[in-house]
$ cat entry_25.csv   # CSV, C-alpha atoms and all ligand atoms
chain,number,residue,atom,x,y,z
V,169,MET,CA,46.7,13.2,154.9
V,170,GLU,CA,49.9,11.4,154.2
V,171,ILE,CA,50.3,10.1,150.5
V,172,SER,CA,51.9,6.7,150.4
V,173,VAL,CA,54.1,5.8,147.5
V,174,ARG,CA,54.7,2.3,146.0
V,175,GLU,CA,57.0,2.6,143.0
V,176,LYS,CA,57.1,0.3,140.0
V,177,GLU,CA,60.3,-1.7,139.7
V,178,GLN,CA,60.5,-2.0,135.9
V,179,LYS,CA,59.9,1.5,134.4
V,180,GLY,CA,58.5,1.9,130.9
V,181,THR,CA,59.9,4.2,128.2
V,182,ARG,CA,58.2,7.1,126.6
V,183,PRO,CA,57.9,6.9,122.8
V,184,ALA,CA,59.3,9.6,120.5
V,185,ASP,CA,57.2,12.7,120.5
V,186,SER,CA,56.6,12.3,116.7
V,187,GLU,CA,54.9,9.0,117.4
V,188,LEU,CA,52.4,10.3,119.9
V,189,GLY,CA,48.7,10.2,119.1
V,190,PHE,CA,46.0,10.6,121.8
V,191,GLY,CA,45.2,8.5,124.8
V,192,THR,CA,46.8,5.1,124.0
V,193,ILE,CA,50.0,5.2,126.2
V,194,PHE,CA,49.9,5.4,130.0
V,195,THR,CA,52.7,6.2,132.4
V,196,ASP,CA,54.2,4.0,135.1
V,197,HIS,CA,52.2,5.3,138.0
V,198,MET,CA,48.8,6.5,139.0
V,199,PHE,CA,47.2,8.2,142.0
V,200,ASN,CA,44.4,6.4,143.9
V,201,MET,CA,42.1,7.4,146.8
V,202,ASP,CA,38.9,5.8,148.2
V,203,TYR,CA,35.8,7.1,149.8
V,204,SER,CA,33.4,5.6,152.4
V,205,PRO,CA,30.8,7.4,154.4
V,206,ASP,CA,32.5,6.7,157.7
V,207,LYS,CA,36.1,7.6,156.7
V,208,GLY,CA,35.5,10.2,154.0
V,209,TRP,CA,38.3,10.2,151.4
V,210,PHE,CA,41.0,8.0,152.7
V,211,ASN,CA,44.2,6.1,151.7
V,212,PRO,CA,45.7,8.5,149.2
V,213,ARG,CA,48.4,6.6,147.4
V,214,ILE,CA,50.7,6.7,144.4
V,215,GLU,CA,51.0,3.2,142.9
V,216,PRO,CA,52.0,1.5,139.7
V,217,PHE,CA,49.5,2.0,136.9
V,218,GLU,CA,47.4,-1.2,137.1
V,219,ASP,CA,44.0,-2.7,136.6
V,220,ILE,CA,41.3,-2.0,139.2
V,221,PRO,CA,39.7,-5.1,140.5
V,222,LEU,CA,35.9,-4.5,140.5
V,223,SER,CA,32.9,-6.6,141.3
V,224,PRO,CA,30.7,-7.2,138.2
V,225,ALA,CA,27.9,-5.6,140.3
V,226,THR,CA,29.9,-2.3,140.6
V,227,MET,CA,27.3,0.5,140.3
V,228,MET,CA,29.4,2.6,138.0
V,229,LEU,CA,29.3,-0.2,135.4
V,230,HIS,CA,25.5,-0.3,135.4
V,231,TYR,CA,24.3,3.2,136.0
V,232,GLY,CA,27.2,5.4,134.8
V,233,GLN,CA,27.8,7.3,138.0
V,234,ALA,CA,31.2,8.4,136.9
V,235,ILE,CA,32.8,11.9,136.4
V,236,PHE,CA,36.2,12.9,135.0
V,237,GLU,CA,38.4,15.8,134.0
V,238,GLY,CA,40.9,16.5,131.3
V,239,LEU,CA,43.9,18.8,131.7
V,240,LYS,CA,47.5,18.9,130.6
V,241,ALA,CA,51.0,19.4,131.9
V,242,TYR,CA,53.5,21.1,129.6
V,243,LYS,CA,57.3,21.1,129.5
V,244,THR,CA,58.8,24.5,128.7
V,245,ALA,CA,62.0,25.1,126.7
V,246,LYS,CA,63.8,25.5,130.0
V,247,GLY,CA,62.6,22.1,131.1
V,248,GLU,CA,60.1,23.4,133.7
V,249,ILE,CA,56.8,21.6,134.2
V,250,GLN,CA,53.7,23.7,134.1
V,251,LEU,CA,49.9,23.2,134.5
V,252,PHE,CA,47.3,25.3,132.8
V,253,ARG,CA,44.3,26.4,134.9
V,254,ALA,CA,44.4,23.1,136.8
V,255,ARG,CA,42.5,24.4,139.8
V,256,ASP,CA,39.6,25.2,137.5
V,257,ASN,CA,39.5,21.6,136.5
V,258,PHE,CA,39.2,20.4,140.1
V,259,LYS,CA,36.5,23.1,140.7
V,260,ARG,CA,34.6,21.7,137.7
V,261,LEU,CA,35.1,18.1,139.0
V,262,ASN,CA,33.4,19.2,142.2
V,263,ARG,CA,30.6,20.8,140.2
V,264,SER,CA,30.1,17.5,138.3
V,265,ALA,CA,30.4,15.6,141.6
V,266,ASN,CA,27.5,17.7,143.0
V,267,GLY,CA,25.4,17.1,139.9
V,268,LEU,CA,26.0,13.3,140.1
V,269,CYS,CA,25.6,13.0,143.9
V,270,ILE,CA,29.3,12.2,144.4
V,271,PRO,CA,31.1,13.5,147.5
V,272,GLN,CA,33.3,16.6,147.1
V,273,ILE,CA,37.1,16.4,147.0
V,274,ASP,CA,39.5,18.8,148.7
V,275,GLU,CA,40.7,20.8,145.7
V,276,ASP,CA,44.0,21.9,147.4
V,277,PHE,CA,44.8,18.4,148.5
V,278,VAL,CA,44.2,16.8,145.1
V,279,MET,CA,46.4,19.6,143.5
V,280,ASP,CA,49.2,18.5,145.9
V,281,CYS,CA,48.6,14.8,144.9
V,282,LEU,CA,48.7,15.7,141.2
V,283,LYS,CA,52.0,17.7,141.6
V,284,GLN,CA,53.6,14.8,143.5
V,285,LEU,CA,52.6,12.3,140.8
V,286,LEU,CA,53.9,14.7,138.1
V,287,LYS,CA,57.3,15.0,139.8
V,288,LEU,CA,57.6,11.2,139.9
V,289,GLU,CA,56.5,10.9,136.2
V,290,LYS,CA,58.3,13.9,134.8
V,291,ASN,CA,60.3,11.9,132.3
V,292,TRP,CA,57.0,11.0,130.7
V,293,ILE,CA,56.2,14.6,129.7
V,294,PRO,CA,57.0,15.1,126.0
V,295,GLU,CA,59.0,18.1,125.0
V,296,THR,CA,57.9,19.2,121.5
V,297,ILE,CA,55.4,22.0,121.0
V,298,GLY,CA,52.0,20.4,120.3
V,299,THR,CA,52.7,17.5,122.7
V,300,SER,CA,51.9,17.3,126.4
V,301,LEU,CA,51.1,15.0,129.3
V,302,TYR,CA,47.3,14.6,129.3
V,303,ILE,CA,45.9,14.2,132.8
V,304,ARG,CA,42.7,12.3,133.5
V,305,PRO,CA,41.3,12.7,137.1
V,306,THR,CA,38.3,10.4,137.5
V,307,ILE,CA,35.7,9.4,140.2
V,308,ILE,CA,33.7,6.2,139.9
V,309,ALA,CA,30.9,4.8,142.1
V,310,THR,CA,32.1,1.5,143.6
V,311,ASP,CA,29.3,0.0,145.6
V,312,PRO,CA,28.5,-3.6,144.4
V,313,PHE,CA,24.7,-3.1,144.3
V,314,LEU,CA,22.0,-3.5,141.6
V,315,GLY,CA,19.4,-1.1,143.0
V,316,VAL,CA,19.3,2.4,141.5
V,317,ARG,CA,20.6,5.0,144.0
V,318,ALA,CA,23.7,7.0,144.6
V,319,SER,CA,26.6,4.8,145.6
V,320,ASN,CA,28.0,5.0,149.2
V,321,THR,CA,31.6,4.3,148.2
V,322,TYR,CA,33.9,5.8,145.5
V,323,ARG,CA,37.3,5.5,143.9
V,324,PHE,CA,39.2,8.7,142.8
V,325,PHE,CA,42.1,8.2,140.5
V,326,ILE,CA,44.4,10.2,138.3
V,327,ILE,CA,46.1,8.6,135.2
V,328,PHE,CA,48.6,10.2,132.8
V,329,SER,CA,49.0,9.8,129.0
V,330,PRO,CA,51.7,11.5,126.9
V,331,VAL,CA,49.8,12.9,123.9
V,332,GLY,CA,50.2,14.6,120.5
V,333,SER,CA,47.2,16.1,118.7
V,334,TYR,CA,43.7,14.9,119.3
V,335,TYR,CA,42.7,15.0,115.7
V,336,ALA,CA,44.6,13.2,113.0
V,337,ALA,CA,44.5,16.5,111.1
V,338,GLY,CA,46.6,18.2,113.8
V,339,PHE,CA,46.2,22.0,113.7
V,340,ASN,CA,44.4,21.9,110.4
V,341,PRO,CA,40.7,22.5,109.8
V,342,VAL,CA,38.3,19.6,110.7
V,343,LYS,CA,35.0,18.8,109.1
V,344,ILE,CA,32.0,18.6,111.4
V,345,TRP,CA,28.5,17.1,110.9
V,346,VAL,CA,25.3,18.5,112.4
V,347,SER,CA,23.1,15.8,113.8
V,348,LYS,CA,19.5,16.2,112.9
V,349,ASP,CA,18.2,13.0,114.5
V,350,HIS,CA,20.2,12.7,117.8
V,351,VAL,CA,20.7,15.0,120.7
V,352,ARG,CA,23.5,14.9,123.3
V,353,ALA,CA,21.8,16.6,126.3
V,354,ILE,CA,18.9,18.7,127.4
V,355,ARG,CA,18.7,21.6,129.9
V,356,GLY,CA,17.9,20.1,133.3
V,357,GLY,CA,19.8,17.0,132.5
V,358,VAL,CA,23.5,16.3,133.0
V,359,GLY,CA,24.9,17.9,129.8
V,360,GLU,CA,26.8,20.6,131.8
V,361,TYR,CA,28.7,18.0,133.8
V,362,LYS,CA,31.7,16.0,132.7
V,363,THR,CA,30.1,12.6,133.2
V,364,ALA,CA,30.5,9.3,131.3
V,365,GLY,CA,26.9,9.1,130.1
V,366,ASN,CA,27.1,12.3,128.0
V,367,TYR,CA,29.8,10.6,125.9
V,368,ALA,CA,27.8,7.3,125.7
V,369,ALA,CA,24.9,9.4,124.4
V,370,SER,CA,27.1,10.9,121.7
V,371,LEU,CA,28.4,7.7,120.2
V,372,TYR,CA,25.6,6.7,117.7
V,373,ALA,CA,25.7,10.1,115.9
V,374,SER,CA,29.5,10.2,116.2
V,375,GLU,CA,29.8,6.9,114.4
V,376,GLU,CA,27.4,8.1,111.7
V,377,ALA,CA,29.5,11.3,111.3
V,378,LYS,CA,32.7,9.2,111.1
V,379,LYS,CA,31.3,7.0,108.4
V,380,GLU,CA,30.6,10.1,106.3
V,381,GLY,CA,34.2,11.3,106.8
V,382,TYR,CA,33.5,13.9,109.5
V,383,ALA,CA,35.7,14.3,112.6
V,384,GLN,CA,32.9,15.0,115.1
V,385,VAL,CA,29.3,16.0,115.6
V,386,LEU,CA,28.0,19.5,116.1
V,387,TRP,CA,25.1,19.2,118.5
V,388,LEU,CA,21.9,21.2,118.3
V,389,ASP,CA,19.8,21.9,121.4
V,390,GLY,CA,17.7,18.9,122.6
V,391,ILE,CA,14.3,20.7,122.6
V,392,GLU,CA,13.9,22.8,119.5
V,393,ARG,CA,16.8,21.2,117.6
V,394,LYS,CA,17.5,24.6,116.3
V,395,TYR,CA,20.3,26.2,118.4
V,396,VAL,CA,24.0,25.2,118.2
V,397,GLU,CA,25.4,23.8,121.4
V,398,GLU,CA,28.9,22.3,121.2
V,399,VAL,CA,31.0,19.7,119.4
V,400,GLY,CA,31.7,16.2,120.7
V,401,ALA,CA,34.9,17.1,122.6
V,402,MET,CA,35.0,20.9,122.3
V,403,ASN,CA,33.1,24.1,122.6
V,404,ILE,CA,32.4,26.1,119.4
V,405,PHE,CA,33.0,29.7,118.2
V,406,PHE,CA,31.9,31.5,115.1
V,407,ASN,CA,33.0,34.7,113.6
V,408,ILE,CA,30.2,36.4,111.8
V,409,GLY,CA,30.9,39.9,110.4
V,410,ASP,CA,32.9,41.5,113.2
V,411,GLU,CA,31.2,39.5,116.0
V,412,LEU,CA,32.8,36.5,117.8
V,413,ILE,CA,30.0,34.3,119.0
V,414,THR,CA,29.8,31.2,121.3
V,415,PRO,CA,26.6,29.5,122.6
V,416,SER,CA,25.7,30.7,126.1
V,417,LEU,CA,26.0,28.2,128.9
V,418,ASP,CA,22.3,27.4,129.4
V,419,GLY,CA,22.7,24.1,131.3
V,420,SER,CA,23.3,21.5,128.6
V,421,ILE,CA,26.8,22.6,127.5
V,422,LEU,CA,30.1,21.8,129.2
V,423,PRO,CA,31.5,25.0,130.6
V,424,GLY,CA,34.9,24.6,128.9
V,425,ILE,CA,38.0,26.1,130.5
V,426,THR,CA,39.5,26.7,127.0
V,427,ARG,CA,36.2,28.4,126.0
V,428,ASP,CA,36.6,30.6,129.1
V,429,SER,CA,40.2,31.4,128.2
V,430,VAL,CA,39.2,32.4,124.6
V,431,LEU,CA,36.4,34.7,126.0
V,432,HIS,CA,38.8,36.2,128.5
V,433,LEU,CA,41.4,37.0,125.8
V,434,ALA,CA,38.7,38.3,123.3
V,435,ARG,CA,37.4,40.7,125.9
V,436,LYS,CA,40.9,41.8,126.8
V,437,TRP,CA,41.6,42.4,123.2
V,438,LYS,CA,38.4,44.5,122.9
V,439,MET,CA,36.8,42.2,120.4
V,440,ASN,CA,33.1,42.3,119.8
V,441,VAL,CA,32.3,39.0,121.6
V,442,SER,CA,28.9,37.5,122.6
V,443,GLU,CA,27.8,34.5,124.6
V,444,ARG,CA,24.4,34.0,123.1
V,445,LYS,CA,22.0,31.6,121.4
V,446,ILE,CA,22.9,31.0,117.8
V,447,SER,CA,20.6,29.1,115.5
V,448,ILE,CA,21.7,26.8,112.7
V,449,ASP,CA,19.5,29.1,110.5
V,450,GLU,CA,21.5,32.1,111.5
V,451,LEU,CA,24.6,30.2,110.5
V,452,LYS,CA,23.2,29.3,107.2
V,453,THR,CA,22.1,32.8,106.4
V,454,ALA,CA,25.6,34.2,107.4
V,455,TYR,CA,27.1,31.5,105.2
V,456,GLU,CA,24.9,32.6,102.2
V,457,ASN,CA,25.6,36.3,102.9
V,458,LYS,CA,29.3,35.5,103.0
V,459,THR,CA,29.6,36.9,106.5
V,460,LEU,CA,30.5,33.6,108.2
V,461,ASN,CA,34.2,34.1,108.2
V,462,GLU,CA,35.4,31.5,110.6
V,463,ALA,CA,34.5,28.7,113.0
V,464,PHE,CA,36.7,27.0,115.5
V,465,GLY,CA,36.5,24.6,118.5
V,466,SER,CA,38.1,25.0,121.9
V,467,GLY,CA,39.1,22.2,124.3
V,468,THR,CA,41.9,20.8,126.3
V,469,ALA,CA,42.5,17.8,124.0
V,470,ALA,CA,41.5,19.7,120.9
V,471,VAL,CA,43.3,23.0,121.9
V,472,ILE,CA,42.0,25.5,119.2
V,473,SER,CA,40.8,23.5,116.3
V,474,PRO,CA,39.7,25.3,113.1
V,475,VAL,CA,36.5,24.1,111.5
V,476,GLY,CA,36.8,24.1,107.7
V,477,LEU,CA,33.4,22.6,106.8
V,478,ILE,CA,30.0,22.1,108.4
V,479,LYS,CA,27.4,19.7,106.9
V,480,TYR,CA,23.7,20.2,107.9
V,481,GLY,CA,21.4,17.8,106.0
V,482,ASP,CA,22.1,18.3,102.3
V,483,GLU,CA,23.8,21.7,102.9
V,484,ILE,CA,27.6,21.9,103.0
V,485,MET,CA,29.1,25.1,104.3
V,486,GLU,CA,32.8,25.5,103.5
V,487,ILE,CA,34.1,28.1,105.9
V,488,GLY,CA,37.1,30.4,105.1
V,489,GLY,CA,37.9,28.4,102.0
V,490,GLY,CA,38.4,25.3,104.2
V,491,LYS,CA,41.6,27.0,105.6
V,492,THR,CA,42.6,28.0,109.1
V,493,GLY,CA,41.4,31.6,109.8
V,494,PRO,CA,43.3,34.4,111.5
V,495,MET,CA,41.2,34.4,114.7
V,496,ALA,CA,41.7,30.6,115.3
V,497,LEU,CA,45.4,31.2,114.7
V,498,LYS,CA,45.6,34.2,117.0
V,499,PHE,CA,43.8,32.4,119.9
V,500,HIS,CA,45.8,29.2,119.3
V,501,ASN,CA,49.1,31.0,119.4
V,502,ALA,CA,48.2,33.1,122.4
V,503,ILE,CA,47.0,30.2,124.5
V,504,THR,CA,49.7,27.7,123.5
V,505,ASP,CA,52.5,30.3,124.0
V,506,ILE,CA,51.3,30.7,127.6
V,507,GLN,CA,50.9,26.9,128.1
V,508,TYR,CA,54.5,26.2,126.8
V,509,GLY,CA,56.0,29.1,128.6
V,510,ASN,CA,56.9,31.1,125.5
V,511,ALA,CA,54.8,34.1,126.6
V,512,GLU,CA,54.4,35.8,129.9
V,513,ASP,CA,51.6,34.4,132.0
V,514,THR,CA,49.7,37.7,132.2
V,515,GLU,CA,46.5,36.0,133.2
V,516,SER,CA,47.9,33.9,136.1
V,517,TRP,CA,46.8,30.7,134.4
V,518,ILE,CA,50.0,28.8,135.0
V,519,GLU,CA,51.0,26.8,138.0
V,520,LYS,CA,54.6,25.6,138.0
V,521,VAL,CA,55.3,22.1,139.3
V,522,GLU,CA,59.1,22.4,139.3
Q,1,LIG,N1,32.8,20.1,125.5
Q,1,LIG,C1,32.9,18.7,125.7
Q,1,LIG,C2,31.8,17.8,125.6
Q,1,LIG,C3,34.2,18.3,126.1
Q,1,LIG,O1,34.4,17.0,126.4
Q,1,LIG,C4,35.2,19.2,126.3
Q,1,LIG,C5,36.6,18.7,126.8
Q,1,LIG,O2,36.9,18.7,127.9
Q,1,LIG,C6,35.0,20.5,126.1
Q,1,LIG,C7,33.8,21.0,125.7
Q,1,LIG,C8,36.1,21.6,126.3
Q,1,LIG,O3,36.3,21.8,127.7
Q,1,LIG,P1,37.8,22.2,128.2
Q,1,LIG,O4,38.1,23.4,127.4
Q,1,LIG,O5,37.6,22.5,129.6
Q,1,LIG,O6,38.7,21.1,127.9
Q,2,LIG,C1,39.3,17.0,127.0
Q,2,LIG,O1,39.5,17.9,126.1
Q,2,LIG,O2,40.0,17.0,128.0
Q,2,LIG,C2,38.3,16.0,126.9
Q,2,LIG,O3,37.9,15.5,127.9
Q,2,LIG,C3,37.8,15.7,125.6
Q,2,LIG,C4,37.7,14.2,125.3
Q,2,LIG,C5,38.9,13.5,125.0
Q,2,LIG,C6,36.6,13.5,126.0

$ encode --input "entry_25.csv" --output "structure tokens" --more "lines below"
Ligand code: PLP
Ligand code: COI
Amino acid sequence: MEISVREKEQKGTRPADSELGFGTIFTDHMFNMDYSPDKGWFNPRIEPFEDIPLSPATMMLHYGQAIFEGLKAYKTAKGEIQLFRARDNFKRLNRSANGLCIPQIDEDFVMDCLKQLLKLEKNWIPETIGTSLYIRPTIIATDPFLGVRASNTYRFFIIFSPVGSYYAAGFNPVKIWVSKDHVRAIRGGVGEYKTAGNYAASLYASEEAKKEGYAQVLWLDGIERKYVEEVGAMNIFFNIGDELITPSLDGSILPGITRDSVLHLARKWKMNVSERKISIDELKTAYENKTLNEAFGSGTAAVISPVGLIKYGDEIMEIGGGKTGPMALKFHNAITDIQYGNAEDTESWIEKVE
């Protein structure tokens, strides 16, 4: 399929790297493609970043049939542009598509579209370590129809946003709050897909956490409200004694690509690593026994984010003296060194754009 290009006449300017937060600034162009049952995916095009005209009856607006991805492009010290495990994001997008009854995309084709858009927008990629170009591929249901069923038509788009750190704290420990009253997802539902409704379901508890001064919610499982699942925008790891633990993927947790990268490196480094159920009681006991050495989150936006404090009901667990621990630092450095081209890509995680 030929990708058509319509360029913007008046180009915008990228703010200084030091001014970048997360997700507020968008680049000049976006990629769009549509789907209909008779044509399949059609009309792939690069166009100026602009509003999408939608009927107020658009199905996505009412029933949340929408999926997305989050990945990043990095600029190396030599000025090269590189993507980190981008094909895994498109694979996961197709997994989410399957779960939400959305047609599959051709992963190789959308990789080509992404690379073409990146070449056009290369001046928007920030250069400082800790900054990057956040990439948001999205698919929305576009039938104008009020009955509940899977849509027949869809829009796929990719937008870019130059970003700094996701948390205001940067690479400093965040405080997280365990929700006792709300759950994000249950096994058999859509928790393992990257779909809009999971984030809508997280808002009430997230706002409560924020009011109390916490960065995000640590979710427990939806059935027993006993086992740790994940954090609002990242997977979670604990170091107890000599064991590195992350909750297993039982169907209600997003299978994070950063999580997978941490697990891969931990196994390569011969660490004692487990994907298993971990209850909040086990965490409390480890905290009391002083064997809970570290906690950290992993995610594309959050990178590796040390957790300095967890609040569960009236109990406050300050972890590692509220400071960044050695494991978080080791994973953070190993992963970001590969992402920014400062270490050899021994795991074949990098795809160069130019
Ligand atoms: N869990 C949730 C709910 C997320 O939104 C994210 C972010 O994408 C993650 C985990 C981490 O996934 P990844 O490492 O693929 O970015
Ligand atoms: C990401 O890390 O890419 C995410 O999607 C997290 C979030 C901003 C929803």

$ residues_near_point --input "entry_25.csv" --point "(20.1, 10.0, 114.0)" --cutoff "6 Å" --atoms "all atoms listed in the file" --output "ChimeraX atom specification"
/V:349-350,373

$ closest_residue --input "entry_25.csv" --among "V:Ala364, V:Leu431, V:Val521, V:Leu282" --to "ligand LIG 2 (chain Q)" --atoms "all atoms listed in the file"
V:Ala364

$ closest_atom_pairs --input "entry_25.csv" --of "region 207-275 of chain V" --to "region 169-187 of chain V" --cutoff "9 Å" --atoms "only C-alpha atoms" --output "Markdown table"
| residue | atom | partner | partner_atom | distance |
| --- | --- | --- | --- | --- |
| V:Phe210 | CA | V:Met169 | CA | 8.0 |
| V:Asn211 | CA | V:Ile171 | CA | 7.4 |
| V:Pro212 | CA | V:Ile171 | CA | 5.0 |
| V:Arg213 | CA | V:Ser172 | CA | 4.6 |
| V:Ile214 | CA | V:Val173 | CA | 4.7 |
| V:Glu215 | CA | V:Arg174 | CA | 4.9 |
| V:Pro216 | CA | V:Lys176 | CA | 5.2 |
| V:Phe217 | CA | V:Lys176 | CA | 8.4 |

$ write_last_selection --input "entry_25.csv" --atoms "C-alpha atoms" --output "mmCIF file, in the coordinates of the input"
data_model
loop_
_atom_site.group_PDB
_atom_site.id
_atom_site.type_symbol
_atom_site.label_atom_id
_atom_site.label_comp_id
_atom_site.auth_asym_id
_atom_site.auth_seq_id
_atom_site.Cartn_x
_atom_site.Cartn_y
_atom_site.Cartn_z
ATOM 1 C CA PHE V 210 41.000 8.000 152.700
ATOM 2 C CA ASN V 211 44.200 6.100 151.700
ATOM 3 C CA PRO V 212 45.700 8.500 149.200
ATOM 4 C CA ARG V 213 48.400 6.600 147.400
ATOM 5 C CA ILE V 214 50.700 6.700 144.400
ATOM 6 C CA GLU V 215 51.000 3.200 142.900
ATOM 7 C CA PRO V 216 52.000 1.500 139.700
ATOM 8 C CA PHE V 217 49.500 2.000 136.900
#

$ residues_near_ligand --input "entry_25.csv" --ligand "ligand LIG 1 (chain Q)" --cutoff "6 Å" --atoms "all atoms listed in the file" --output "PyMOL selection string"
chain V and resi 238+400-403+422+424-427+466-468

$ residues_around --input "entry_25.csv" --residues "Gly365 (chain V)" --least-positions-apart "3" --cutoff "8 Å" --atoms "only C-alpha atoms" --output "list in words"
Gly232, Ala368 and Ala369 of chain V

$ axis_aligned_box --input "entry_25.csv" --around "ligand LIG 2 (chain Q)" --padding-each-side "5 Å" --output "AutoDock Vina command-line options"
--center_x 38.3 --center_y 15.7 --center_z 126.5 --size_x 13.4 --size_y 14.4 --size_z 13.0

$ atom_distance --input "entry_25.csv" --atom1 "CA of Phe406 (chain V)" --atom2 "CA of Arg253 (chain V)"
23.9 Å

$ closest_residue --input "entry_25.csv" --among "V:Phe199, V:Phe236, V:Tyr372, V:Tyr382" --to "ligand LIG 2 (chain Q)" --atoms "all atoms listed in the file"
V:Phe236

$ closest_residue --input "entry_25.csv" --among "V:Pro423, V:Gly489, V:Gly191, V:Pro494" --to "Arg260 (chain V)" --atoms "all atoms listed in the file"
V:Pro423

$ closest_residue --input "entry_25.csv" --among "V:Cys269, V:Val278, V:Leu288, V:Leu371" --to "ligand LIG 2 (chain Q)" --atoms "all atoms listed in the file"
V:Leu371

$ residues_near_point --input "entry_25.csv" --point "(49.3, 3.4, 136.0)" --cutoff "9 Å" --atoms "all atoms listed in the file" --output "list in words"
Phe194, Thr195, Asp196, His197, Met198, Phe199, Glu215, Pro216, Phe217, Glu218, Asp219, Ile326, Ile327 and Phe328 of chain V

$ write_last_selection --input "entry_25.csv" --atoms "C-alpha atoms" --output "mmCIF file, in the frame of the given file"
data_model
loop_
_atom_site.group_PDB
_atom_site.id
_atom_site.type_symbol
_atom_site.label_atom_id
_atom_site.label_comp_id
_atom_site.auth_asym_id
_atom_site.auth_seq_id
_atom_site.Cartn_x
_atom_site.Cartn_y
_atom_site.Cartn_z
ATOM 1 C CA PHE V 194 49.900 5.400 130.000
ATOM 2 C CA THR V 195 52.700 6.200 132.400
ATOM 3 C CA ASP V 196 54.200 4.000 135.100
ATOM 4 C CA HIS V 197 52.200 5.300 138.000
ATOM 5 C CA MET V 198 48.800 6.500 139.000
ATOM 6 C CA PHE V 199 47.200 8.200 142.000
ATOM 7 C CA GLU V 215 51.000 3.200 142.900
ATOM 8 C CA PRO V 216 52.000 1.500 139.700
ATOM 9 C CA PHE V 217 49.500 2.000 136.900
ATOM 10 C CA GLU V 218 47.400 -1.200 137.100
ATOM 11 C CA ASP V 219 44.000 -2.700 136.600
ATOM 12 C CA ILE V 326 44.400 10.200 138.300
ATOM 13 C CA ILE V 327 46.100 8.600 135.200
ATOM 14 C CA PHE V 328 48.600 10.200 132.800
#

$ closest_residue --input "entry_25.csv" --among "V:Ile235, V:Cys281, V:Val351, V:Ala454" --to "ligand LIG 2 (chain Q)" --atoms "all atoms listed in the file"
V:Ile235

$ atom_distance --input "entry_25.csv" --atom1 "CA of Leu451 (chain V)" --atom2 "CA of Glu398 (chain V)"
14.0 Å

$ closest_residue --input "entry_25.csv" --among "V:Ser319, V:Thr504, V:Asn461, V:Ser374" --to "Lys491 (chain V)" --atoms "all atoms listed in the file"
V:Asn461

$ residues_around --input "entry_25.csv" --residues "Lys240 (chain V)" --least-positions-apart "3" --cutoff "6 Å" --atoms "all atoms listed in the file" --output "ChimeraX atom specification"
/V:301-303

$ atom_distance --input "entry_25.csv" --atom1 "CA of Ser223 (chain V)" --atom2 "CA of Ile193 (chain V)"
25.7 Å

$ residues_around --input "entry_25.csv" --residues "region 294-300 of chain V" --least-positions-apart "5" --cutoff "8 Å" --atoms "all atoms listed in the file" --output "ChimeraX atom specification"
/V:185,188,240-245,330-333,508

$ write_last_selection --input "entry_25.csv" --atoms "C-alpha atoms" --output "short mmCIF file (atom, residue, chain, number, x, y, z; two decimals), in the coordinates of the input"
data_model
loop_
_atom_site.label_atom_id
_atom_site.label_comp_id
_atom_site.auth_asym_id
_atom_site.auth_seq_id
_atom_site.Cartn_x
_atom_site.Cartn_y
_atom_site.Cartn_z
CA ASP V 185 57.20 12.70 120.50
CA LEU V 188 52.40 10.30 119.90
CA LYS V 240 47.50 18.90 130.60
CA ALA V 241 51.00 19.40 131.90
CA TYR V 242 53.50 21.10 129.60
CA LYS V 243 57.30 21.10 129.50
CA THR V 244 58.80 24.50 128.70
CA ALA V 245 62.00 25.10 126.70
CA PRO V 330 51.70 11.50 126.90
CA VAL V 331 49.80 12.90 123.90
CA GLY V 332 50.20 14.60 120.50
CA SER V 333 47.20 16.10 118.70
CA TYR V 508 54.50 26.20 126.80
#

$ residues_around --input "entry_25.csv" --residues "Lys520 (chain V)" --least-positions-apart "6" --cutoff "8 Å" --atoms "only C-alpha atoms" --output "number ranges by chain"
V: 248-251

$ residues_around --input "entry_25.csv" --residues "Arg263 (chain V)" --least-positions-apart "3" --cutoff "12 Å" --atoms "all atoms listed in the file" --output "list in words"
Ile235, Phe236, Glu237, Asp256, Asn257, Phe258, Lys259, Arg260, Asn266, Gly267, Leu268, Cys269, Ile270, Pro271, Gln272, Ile273, Glu275, Val358, Glu360, Tyr361, Lys362, Thr363, Leu422 and Pro423 of chain V
